[in-house]
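Working notes for the structure below.
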Amino acid sequence: MKNKFWMVTAFVLFVAFGTNAQTKLSVDKVYSAYLRNSGTIMENNQIKGYFFLYLSDKIDKHTNEYTLQILDENVNKVKDIKFQDSKKLNLLEAAYNGNTLSFLFKNGDDKTLDMRIYGLDGTLKYTYTREYDKRTDQLMSMYETMHTDDGTNQNVFDLGKHGYASVLPLRDGKQRTYEVDFYSSEEKKQWTYIPEDDEERYTNAEFLGSTDNLIILEVLKKNRALSNSVNAHLVGINFLTKQKAFDIDNEGDTYTFVPTNVTTENNSGKIMVVGNYFDKNANIIKDASKGIAIYAVDSKGKVLSRTYNSWADDFAKYLPLNKKGKIDNIGYLYTQKVIQAPNGKMFVVGEGYKRQASAGGIALNALSMLGGGGRTNVGVTKIVITDMVIMEFNNQYKVSNATIYDKTNNTAEASITSDYVSQHQIALLLKMTGAFDYDFTTGNPDNSNFSVCYSDWVRSSDYKGETFNSIRYDGSKFTTDKIELKSKATHMKVFPAKPGSVMIMEYFRKEKRLDFRLEKLS
């Protein structure tokens, strides 16, 4: 199975400073490469760069020196920013909003969460500090266990020029809820929103996206701790007024709608919400969905239109599907990206996953039971990541085409967890741990052309190893491209770069060295 990211005490920021071009750079004395949050800096779908922070020295037994290395898009060094802090300082997540960078740190000495916002010139603009307690300690545990180095940001997101939001899970006894924190990058201002409704004592919130004034969440609610009945809500919080703008449930709908992605429609400003829909009496945690729905919503939460595309009738014209929404040899689809094209079309990028029997797990459990023991922690099933699927919707949001792009099946989860959790919980686990092969999407600001990029692991007579793949749309048709990632590096990661290229980052553990190189796509 591929390894897209790896462990951090480090970040890289690439910003276009207009310096002379080069194609390769090496950084020595990198003793621990912690690149979980090494992410792409993008603005209007255009590459602005990436970021990299590393442990550069040990001052004493309590204090370390850290360096923020600023590089340009041609991998030229621009500036080093050094600071000293606690040895127990851990970077949790980072984000970029077009003007600034934000870093969320956990300080183990002070028991605080510290949000630091830097300008692109390396100036520290604002620092926000808050203590963490037993309620947010669940977040700390999550980062140390489930949130691996392959994972993507789960709690910190950019809100454009205004700043950043964090969405943190809260746990207090049997109660589960969430809080939303807003951090301004324009002035020193921070506030926290915690739901106070009685019905929100048992909730889980996922960040879906934002507009110029809204934070949009999917919130799953239960009316009590042991209830199996879960209701899905689309919640909008206005980060300028600090108030909840809307809370859309499915009470008056024909079906139960579970949102998974949002995008803004070109020109109209309508919020387009994509998700699965279910029968009204279905259990959305356990039961199979009926298909994919697309809602158009305005900024006040009014639902303007609802369009349903069923697996059995609509998608079956283009994909080999059964009535439970499973694609033959692919399984279920997780929506990775929604792309709104200028001609009114919408493209949805999906990636398949399925549960299948694990011969090794069955054998180990059988041996354990024959020997008088109980079940082991190894599951009798495993979760497999399958193929990419790109679905096309017309300007009425009805599916008009769907294409499967084959890739090698990779085992993502083989513990006892894979035996019991639902298809929806599996998808969230796979996203959190970075198990999907989807990497990123780049293109023109108006999405008139774009490239969907993903990793694969090829096992053939000609080549065995990791590959980087792109599916490019030129406004009328799709084409594919692939490069082989041959390397002796301990770990490797591919980033988007200038048009027609990718940037490859390699970590050589023995040499304590990071290499960065630009490579052209064919």
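Note on naming: chains are A, B, ... as they come in the structure tokens, residues start from 1 per chain, ligands start from 1 in the order shown.
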
Got a sec: who's within 8 Å of Phe83 in chain A, counting only C-alpha atoms, leaving out chain neighbours fewer than 2 positions off, as a PyMOL selection string? chain A and resi 65-67+81+85

Just the residues within 8 Å of Leu101 in chain A, please, counting only C-alpha atoms, with nothing from its chain fewer than 5 positions along; format it as an NGL selection string. :A and (94-96 or 117-120)

Pick from A:Lys317, A:His162, A:Arg171, A:His491, whichever lies nearest to Glu506 in chain A using only C-alpha atoms: A:His491

Please provide the set of residues having any atom within 12 Å of Asp328 in chain A, restricted to only C-alpha atoms, with same-chain residues fewer than 4 positions apart removed, written as a PyMOL selection string. chain A and resi 316+319-324+332-333+352-354+386-387+404

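The nearest approach to Val75 in chain A among the residues A:Arg355, A:Arg176, A:Lys512, A:Lys498, with only C-alpha atoms taken into account, belongs to A:Lys498.
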
Which residues, written as number ranges by chain, have at least one atom at most 12 Å from Phe478 in chain A, with only C-alpha atoms counted and residues fewer than 4 positions away on the same chain left out? A: 347, 390-392, 402-405, 449-452, 470-474

When DSSP works through the backbone of this structure, what residues of range 258-350 of chain A end up as strand (DSSP E or B), shown as a PyMOL selection string? chain A and resi 258-264+271-278+291-297+303-310+321+327+331-340+346-350
